[in-house]
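Asker: So here's query_21.cif (mmCIF, C-alpha atoms, pLDDT in the B column; chains and numbers go by the auth columns).
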data_target
loop_
_atom_site.group_PDB
_atom_site.id
_atom_site.type_symbol
_atom_site.label_atom_id
_atom_site.label_comp_id
_atom_site.label_asym_id
_atom_site.label_seq_id
_atom_site.Cartn_x
_atom_site.Cartn_y
_atom_site.Cartn_z
_atom_site.B_iso_or_equiv
_atom_site.auth_seq_id
_atom_site.auth_asym_id
ATOM 1 C CA MET A 1 0.000 0.000 0.000 47.00 289 A
ATOM 2 C CA ILE A 2 2.814 2.412 0.835 50.00 290 A
ATOM 3 C CA LYS A 3 4.381 1.843 -2.603 47.00 291 A
ATOM 4 C CA ASP A 4 1.077 2.784 -4.287 48.00 292 A
ATOM 5 C CA VAL A 5 0.704 5.917 -2.180 41.00 293 A
ATOM 6 C CA ARG A 6 4.364 6.788 -2.801 43.00 294 A
ATOM 7 C CA ARG A 7 3.881 6.543 -6.559 44.00 295 A
ATOM 8 C CA LEU A 8 0.821 8.765 -6.316 42.00 296 A
ATOM 9 C CA LEU A 9 2.561 11.399 -4.217 41.00 297 A
ATOM 10 C CA LEU A 10 5.924 11.495 -5.985 45.00 298 A
ATOM 11 C CA GLY A 11 4.582 13.870 -8.604 44.00 299 A
ATOM 12 C CA ILE A 12 2.792 16.061 -6.086 44.00 300 A
ATOM 13 C CA PRO A 13 5.280 17.414 -3.501 45.00 301 A
ATOM 14 C CA LEU A 14 3.021 20.363 -2.726 38.00 302 A
ATOM 15 C CA LEU A 15 0.183 18.042 -1.706 40.00 303 A
ATOM 16 C CA LEU A 16 2.588 16.206 0.543 41.00 304 A
ATOM 17 C CA ALA A 17 3.570 19.452 2.264 41.00 305 A
ATOM 18 C CA VAL A 18 -0.102 20.319 2.840 39.00 306 A
ATOM 19 C CA VAL A 19 -0.777 16.852 4.224 39.00 307 A
ATOM 20 C CA HIS A 20 2.246 17.124 6.509 43.00 308 A
ATOM 21 C CA LEU A 21 1.048 20.469 7.850 42.00 309 A
ATOM 22 C CA SER A 22 -2.450 19.149 8.550 44.00 310 A
ATOM 23 C CA GLY A 23 -3.403 17.997 12.023 47.00 311 A
ATOM 24 C CA CYS A 24 -3.796 14.309 11.152 45.00 312 A
ATOM 25 C CA ASP A 25 -1.126 12.242 12.924 49.00 313 A
ATOM 26 C CA ARG A 26 -1.776 9.200 10.735 46.00 314 A
ATOM 27 C CA LEU A 27 -1.073 11.220 7.589 41.00 315 A
ATOM 28 C CA ARG A 28 2.054 12.677 9.179 45.00 316 A
ATOM 29 C CA SER A 29 3.372 9.204 9.969 47.00 317 A
ATOM 30 C CA LEU A 30 2.653 8.132 6.379 41.00 318 A
ATOM 31 C CA THR A 31 4.583 11.098 4.956 41.00 319 A
ATOM 32 C CA HIS A 32 7.447 10.328 7.347 42.00 320 A
ATOM 33 C CA LYS A 33 7.529 6.728 6.048 39.00 321 A
ATOM 34 C CA LEU A 34 7.508 7.974 2.454 39.00 322 A
ATOM 35 C CA LYS A 35 10.440 10.305 3.106 41.00 323 A
ATOM 36 C CA SER A 36 12.455 7.456 4.589 38.00 324 A
ATOM 37 C CA VAL A 37 11.981 5.263 1.497 34.00 325 A
ATOM 38 C CA PRO A 38 15.153 5.139 -0.668 35.00 326 A
ATOM 39 C CA GLY A 39 14.686 7.554 -3.526 36.00 327 A
ATOM 40 C CA GLY A 40 12.299 9.469 -1.289 35.00 328 A
ATOM 41 C CA ILE A 41 10.409 12.461 -2.516 33.00 329 A
ATOM 42 C CA PRO A 42 12.278 14.298 -5.250 35.00 330 A
ATOM 43 C CA ALA A 43 13.387 17.854 -4.585 37.00 331 A
ATOM 44 C CA ALA A 44 12.767 20.470 -7.240 39.00 332 A
ATOM 45 C CA THR A 45 15.373 20.319 -9.966 41.00 333 A
ATOM 46 C CA TYR A 46 16.977 23.302 -11.602 42.00 334 A
ATOM 47 C CA ASP A 47 18.746 22.932 -14.914 42.00 335 A
ATOM 48 C CA SER A 48 19.235 26.558 -15.889 51.00 336 A
ATOM 49 C CA GLY A 49 22.796 27.872 -16.052 71.00 337 A
ATOM 50 C CA GLN A 50 21.563 30.919 -14.158 84.00 338 A
ATOM 51 C CA VAL A 51 20.493 28.842 -11.139 89.00 339 A
ATOM 52 C CA THR A 52 23.310 27.165 -9.230 91.00 340 A
ATOM 53 C CA ALA A 53 23.853 25.470 -5.910 93.00 341 A
ATOM 54 C CA ILE A 54 26.192 27.385 -3.628 94.00 342 A
ATOM 55 C CA ASP A 55 27.659 26.690 -0.216 92.00 343 A
ATOM 56 C CA ALA A 56 29.315 28.648 2.572 92.00 344 A
ATOM 57 C CA SER A 57 32.676 28.712 0.801 92.00 345 A
ATOM 58 C CA SER A 58 31.301 30.089 -2.485 92.00 346 A
ATOM 59 C CA TYR A 59 28.759 32.512 -0.977 94.00 347 A
ATOM 60 C CA ASP A 60 30.943 35.649 -0.847 93.00 348 A
ATOM 61 C CA ALA A 61 32.279 35.242 -4.390 92.00 349 A
ATOM 62 C CA PHE A 62 28.783 34.569 -5.729 93.00 350 A
ATOM 63 C CA VAL A 63 27.293 37.634 -4.028 93.00 351 A
ATOM 64 C CA ALA A 64 30.133 39.942 -5.127 92.00 352 A
ATOM 65 C CA GLN A 65 29.459 39.596 -8.877 91.00 353 A
ATOM 66 C CA LYS A 66 29.454 42.952 -10.669 90.00 354 A
ATOM 67 C CA ASN A 67 26.835 44.217 -13.117 90.00 355 A
ATOM 68 C CA LYS A 68 24.398 41.432 -12.210 92.00 356 A
ATOM 69 C CA LEU A 69 21.387 40.998 -9.981 93.00 357 A
ATOM 70 C CA VAL A 70 22.312 38.127 -7.664 94.00 358 A
ATOM 71 C CA ILE A 71 19.633 36.306 -5.681 95.00 359 A
ATOM 72 C CA VAL A 72 20.503 33.963 -2.812 95.00 360 A
ATOM 73 C CA ASP A 73 17.753 31.529 -1.818 96.00 361 A
ATOM 74 C CA PHE A 74 18.250 29.929 1.611 95.00 362 A
ATOM 75 C CA TYR A 75 16.109 26.772 1.399 95.00 363 A
ATOM 76 C CA ALA A 76 15.682 23.178 2.577 95.00 364 A
ATOM 77 C CA ASP A 77 14.577 20.148 0.568 93.00 365 A
ATOM 78 C CA TRP A 78 11.778 19.317 3.013 94.00 366 A
ATOM 79 C CA CYS A 79 10.273 22.836 2.934 94.00 367 A
ATOM 80 C CA GLY A 80 7.032 23.115 0.926 93.00 368 A
ATOM 81 C CA PRO A 81 7.148 26.908 0.396 94.00 369 A
ATOM 82 C CA CYS A 82 10.791 26.553 -0.718 94.00 370 A
ATOM 83 C CA ARG A 83 9.690 24.091 -3.391 94.00 371 A
ATOM 84 C CA MET A 84 7.024 26.524 -4.573 94.00 372 A
ATOM 85 C CA LEU A 85 9.432 29.483 -4.652 94.00 373 A
ATOM 86 C CA GLY A 86 12.252 27.702 -6.518 93.00 374 A
ATOM 87 C CA PRO A 87 10.509 27.603 -9.936 94.00 375 A
ATOM 88 C CA MET A 88 9.446 31.245 -9.511 93.00 376 A
ATOM 89 C CA LEU A 89 13.071 32.318 -9.021 93.00 377 A
ATOM 90 C CA GLU A 90 14.123 30.186 -11.980 93.00 378 A
ATOM 91 C CA ALA A 91 11.444 31.873 -14.136 92.00 379 A
ATOM 92 C CA ALA A 92 12.693 35.289 -13.031 92.00 380 A
ATOM 93 C CA ALA A 93 16.252 34.349 -13.996 91.00 381 A
ATOM 94 C CA ALA A 94 15.075 33.028 -17.366 91.00 382 A
ATOM 95 C CA ALA A 95 13.159 36.267 -17.990 91.00 383 A
ATOM 96 C CA HIS A 96 16.390 38.258 -17.567 91.00 384 A
ATOM 97 C CA PRO A 97 19.164 36.255 -19.267 89.00 385 A
ATOM 98 C CA ALA A 98 22.738 37.224 -18.343 89.00 386 A
ATOM 99 C CA VAL A 99 21.395 39.697 -15.755 92.00 387 A
ATOM 100 C CA VAL A 100 19.680 37.704 -12.963 93.00 388 A
ATOM 101 C CA PHE A 101 21.517 34.825 -11.300 94.00 389 A
ATOM 102 C CA VAL A 102 20.131 32.651 -8.505 95.00 390 A
ATOM 103 C CA GLY A 103 22.227 30.784 -5.951 95.00 391 A
ATOM 104 C CA ARG A 104 20.490 28.189 -3.796 95.00 392 A
ATOM 105 C CA LEU A 105 22.029 27.485 -0.385 95.00 393 A
ATOM 106 C CA ASN A 106 20.695 24.473 1.535 95.00 394 A
ATOM 107 C CA VAL A 107 20.401 25.468 5.216 94.00 395 A
ATOM 108 C CA ASP A 108 20.473 21.832 6.349 94.00 396 A
ATOM 109 C CA GLN A 109 23.967 21.465 4.890 94.00 397 A
ATOM 110 C CA ALA A 110 25.224 24.839 6.205 92.00 398 A
ATOM 111 C CA LYS A 111 23.451 25.345 9.535 93.00 399 A
ATOM 112 C CA GLU A 112 26.144 27.444 11.218 94.00 400 A
ATOM 113 C CA PHE A 113 26.631 29.610 8.153 94.00 401 A
ATOM 114 C CA ALA A 114 22.870 30.254 7.827 93.00 402 A
ATOM 115 C CA ALA A 115 22.674 31.117 11.523 94.00 403 A
ATOM 116 C CA GLY A 116 25.589 33.534 11.057 94.00 404 A
ATOM 117 C CA LYS A 117 23.668 35.229 8.239 93.00 405 A
ATOM 118 C CA GLU A 118 20.658 35.515 10.601 93.00 406 A
ATOM 119 C CA VAL A 119 18.390 33.199 8.621 93.00 407 A
ATOM 120 C CA ARG A 120 15.442 32.715 10.974 92.00 408 A
ATOM 121 C CA GLY A 121 12.878 31.182 8.588 93.00 409 A
ATOM 122 C CA ILE A 122 12.897 29.668 5.133 94.00 410 A
ATOM 123 C CA PRO A 123 12.648 30.379 2.327 95.00 411 A
ATOM 124 C CA ASP A 124 14.812 33.430 2.999 95.00 412 A
ATOM 125 C CA VAL A 125 15.679 35.316 -0.181 95.00 413 A
ATOM 126 C CA ARG A 126 18.331 38.031 -0.373 96.00 414 A
ATOM 127 C CA ILE A 127 18.936 40.113 -3.474 95.00 415 A
ATOM 128 C CA PHE A 128 22.286 41.779 -4.227 95.00 416 A
ATOM 129 C CA LYS A 129 23.532 44.320 -6.771 93.00 417 A
ATOM 130 C CA ASP A 130 27.291 44.761 -7.102 88.00 418 A
ATOM 131 C CA GLY A 131 27.862 42.948 -3.808 90.00 419 A
ATOM 132 C CA ARG A 132 25.442 45.144 -1.835 93.00 420 A
ATOM 133 C CA GLU A 133 22.139 43.808 -0.480 94.00 421 A
ATOM 134 C CA VAL A 134 19.257 45.758 -2.011 94.00 422 A
ATOM 135 C CA ASP A 135 16.234 43.672 -0.994 94.00 423 A
ATOM 136 C CA ARG A 136 15.152 40.598 0.954 94.00 424 A
ATOM 137 C CA PHE A 137 12.027 38.681 1.812 94.00 425 A
ATOM 138 C CA VAL A 138 11.072 35.639 3.853 94.00 426 A
ATOM 139 C CA GLY A 139 8.347 33.223 2.835 93.00 427 A
ATOM 140 C CA CYS A 140 6.705 32.585 -0.482 93.00 428 A
ATOM 141 C CA PRO A 141 4.876 35.566 -1.984 93.00 429 A
ATOM 142 C CA SER A 142 2.790 35.204 -5.133 93.00 430 A
ATOM 143 C CA GLU A 143 4.551 34.533 -8.418 93.00 431 A
ATOM 144 C CA ALA A 144 3.430 37.891 -9.830 93.00 432 A
ATOM 145 C CA GLU A 145 4.933 39.700 -6.837 94.00 433 A
ATOM 146 C CA VAL A 146 8.248 37.823 -7.096 93.00 434 A
ATOM 147 C CA LEU A 147 8.553 38.467 -10.853 93.00 435 A
ATOM 148 C CA ALA A 148 7.602 42.145 -10.505 94.00 436 A
ATOM 149 C CA ARG A 149 10.019 42.710 -7.624 93.00 437 A
ATOM 150 C CA ILE A 150 12.926 41.139 -9.520 93.00 438 A
ATOM 151 C CA ALA A 151 12.038 42.927 -12.772 93.00 439 A
ATOM 152 C CA THR A 152 12.096 46.263 -10.954 93.00 440 A
ATOM 153 C CA LEU A 153 15.480 45.544 -9.400 93.00 441 A
ATOM 154 C CA ALA A 154 16.914 44.258 -12.705 91.00 442 A
ATOM 155 C CA GLU A 155 16.058 47.516 -14.535 90.00 443 A
ATOM 156 C CA GLY A 156 19.143 49.410 -15.595 85.00 444 A
ATOM 157 C CA ILE A 157 21.456 46.410 -15.540 84.00 445 A
ATOM 158 C CA THR A 158 22.778 45.675 -18.988 81.00 446 A
ATOM 159 C CA PRO A 159 24.334 42.316 -19.661 77.00 447 A
ATOM 160 C CA VAL A 160 28.071 42.467 -20.162 67.00 448 A
ATOM 161 C CA ALA A 161 29.070 41.395 -23.646 57.00 449 A
ATOM 162 C CA THR A 162 31.311 38.408 -23.393 49.00 450 A
ATOM 163 C CA THR A 163 34.271 38.196 -25.692 47.00 451 A
ATOM 164 C CA PRO A 164 34.682 34.928 -27.519 48.00 452 A
ATOM 165 C CA ALA A 165 37.304 32.735 -25.948 49.00 453 A
ATOM 166 C CA THR A 166 40.558 32.523 -27.820 51.00 454 A
ATOM 167 C CA PRO A 167 41.470 29.020 -28.866 53.00 455 A
ATOM 168 C CA ALA A 168 43.992 27.422 -26.546 56.00 456 A
ATOM 169 C CA GLN A 169 47.501 27.233 -27.887 56.00 457 A
ATOM 170 C CA THR A 170 49.087 23.861 -28.303 58.00 458 A
ATOM 171 C CA PRO A 171 52.272 23.174 -26.333 58.00 459 A
ATOM 172 C CA ALA A 172 54.289 23.249 -29.551 57.00 460 A
ATOM 173 C CA GLU A 173 53.215 26.867 -30.116 62.00 461 A
ATOM 174 C CA THR A 174 54.044 28.024 -26.568 66.00 462 A
ATOM 175 C CA VAL A 175 57.368 26.219 -26.021 71.00 463 A
ATOM 176 C CA LYS A 176 60.323 27.692 -27.889 74.00 464 A
ATOM 177 C CA PRO A 177 63.550 25.816 -28.418 76.00 465 A
ATOM 178 C CA MET A 178 66.535 26.879 -26.355 73.00 466 A
ATOM 179 C CA PRO A 179 69.545 28.479 -28.023 79.00 467 A
ATOM 180 C CA LYS A 180 72.322 26.047 -28.949 80.00 468 A
ATOM 181 C CA ASN A 181 74.930 27.324 -26.478 81.00 469 A
ATOM 182 C CA TRP A 182 72.588 28.159 -23.597 80.00 470 A
ATOM 183 C CA MET A 183 73.915 27.721 -20.079 81.00 471 A
ATOM 184 C CA PRO A 184 72.147 28.316 -16.766 80.00 472 A
ATOM 185 C CA PRO A 185 73.117 31.548 -14.998 82.00 473 A
ATOM 186 C CA GLY A 186 76.357 31.196 -13.003 83.00 474 A
ATOM 187 C CA MET A 187 77.620 28.263 -15.066 83.00 475 A
ATOM 188 C CA GLU A 188 80.418 28.456 -17.582 81.00 476 A
ATOM 189 C CA LYS A 189 81.524 26.145 -20.334 79.00 477 A
ATOM 190 C CA ARG A 190 84.816 24.227 -19.790 75.00 478 A
#
Written as structure tokens, that's how I'd like the structure from this file.
Answerer:
Amino acid sequence: MIKDVRRLLLGIPLLLAVVHLSGCDRLRSLTHKLKSVPGGIPAATYDSGQVTAIDASSYDAFVAQKNKLVIVDFYADWCGPCRMLGPMLEAAAAAHPAVVFVGRLNVDQAKEFAAGKEVRGIPDVRIFKDGREVDRFVGCPSEAEVLARIATLAEGITPVATTPATPAQTPAETVKPMPKNWMPPGMEKR
């Protein structure tokens, strides 16, 4: 029976969050059993190049990007509102290519770091321009509000034109032969 219920709920993580928040202890125990099954309940997946996973060590470099609107989403896999907000942030990044970049930081994997950044509830979203925080919100507002807020903050940022990468030189092109009578400094020929 649990396998049948698991198959039904795998595609509906939002329903699972609602069930978990309800007052029914039997449903809570069922969701707990489903989460403990190998493979569990899938977290939202993000395949855009503008949405990346970050951690405590990459946070400062990610936030300090110039001429970009950088969004840091403090989230957890088990959090229902975080799962609802993730696709909204991805849509906002897709609406502003090369301007809006989203970094997702899992608070379960970086508890001390999140506490140091004063993350009290999740999802906690912080928005940066040129390394300076310009906005933040906690919770999951409506999609229209998220998109409008990010569009307003992204105004005036023009994507930096990237120069095409030069082809890498082969070792034969970079290494030059030594002169015939070369000697290391301080050495003399006998």
Asker: Given the file above and the PyMOL selection byres ((chain A and resi 358) around 10), which residues are selected, and can you give them as a PyMOL selection string?
Answerer: chain A and resi 338+350-357+359-361+381+387-391+414-422+442
Asker: Using all atoms listed in the file, can you tell me which of A:Ile445, A:Asp423, A:Glu431, A:Ala436 comes closest to A:Pro375?
Answerer: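 Closest candidate: A:Glu431.
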Asker: Hey, can I get the axis-aligned box for stretch 431-439 of chain A? All listed atoms, 5 Å padding on each side, centre and edge lengths in Å to one decimal, as AutoDock Vina command-line options.
Answerer:
--center_x 8.2 --center_y 38.7 --center_z -9.8 --size_x 19.5 --size_y 18.4 --size_z 15.9
Asker: Between atom CA of A:Gly409 and atom CA of A:Gly427, what is the distance, to one decimal in Å?
Answerer: 7.6 Å
Asker: Which one of A:Ala386, A:Ser345, A:Gly474, A:Met372 sits closest to A:Thr446 if you count only C-alpha atoms?
Answerer: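 Of all the options, A:Ala386 lies closest to A:Thr446.
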Asker: Taking all atoms listed in the file into account, name the residue in A:Glu378, A:Asp348, A:Glu476, A:Asp396 that is nearest to A:Trp366.
Answerer: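 Looking at the shortest contact to A:Trp366, the residue is A:Asp396.
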Asker: Pick out the closest residue to A:Ala402 from this set: A:Met471, A:Met466, A:Ala344, A:Ala439. Count all atoms listed in the file.
Answerer: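 Once distances to A:Ala402 are computed over all atoms listed in the file, the minimum belongs to A:Ala344.
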Asker: I need the residue nearest A:Ala364 from this list: A:Glu406, A:Glu443, A:Asp412, A:Glu433. Use only C-alpha atoms for the distance.
Answerer: A:Asp412
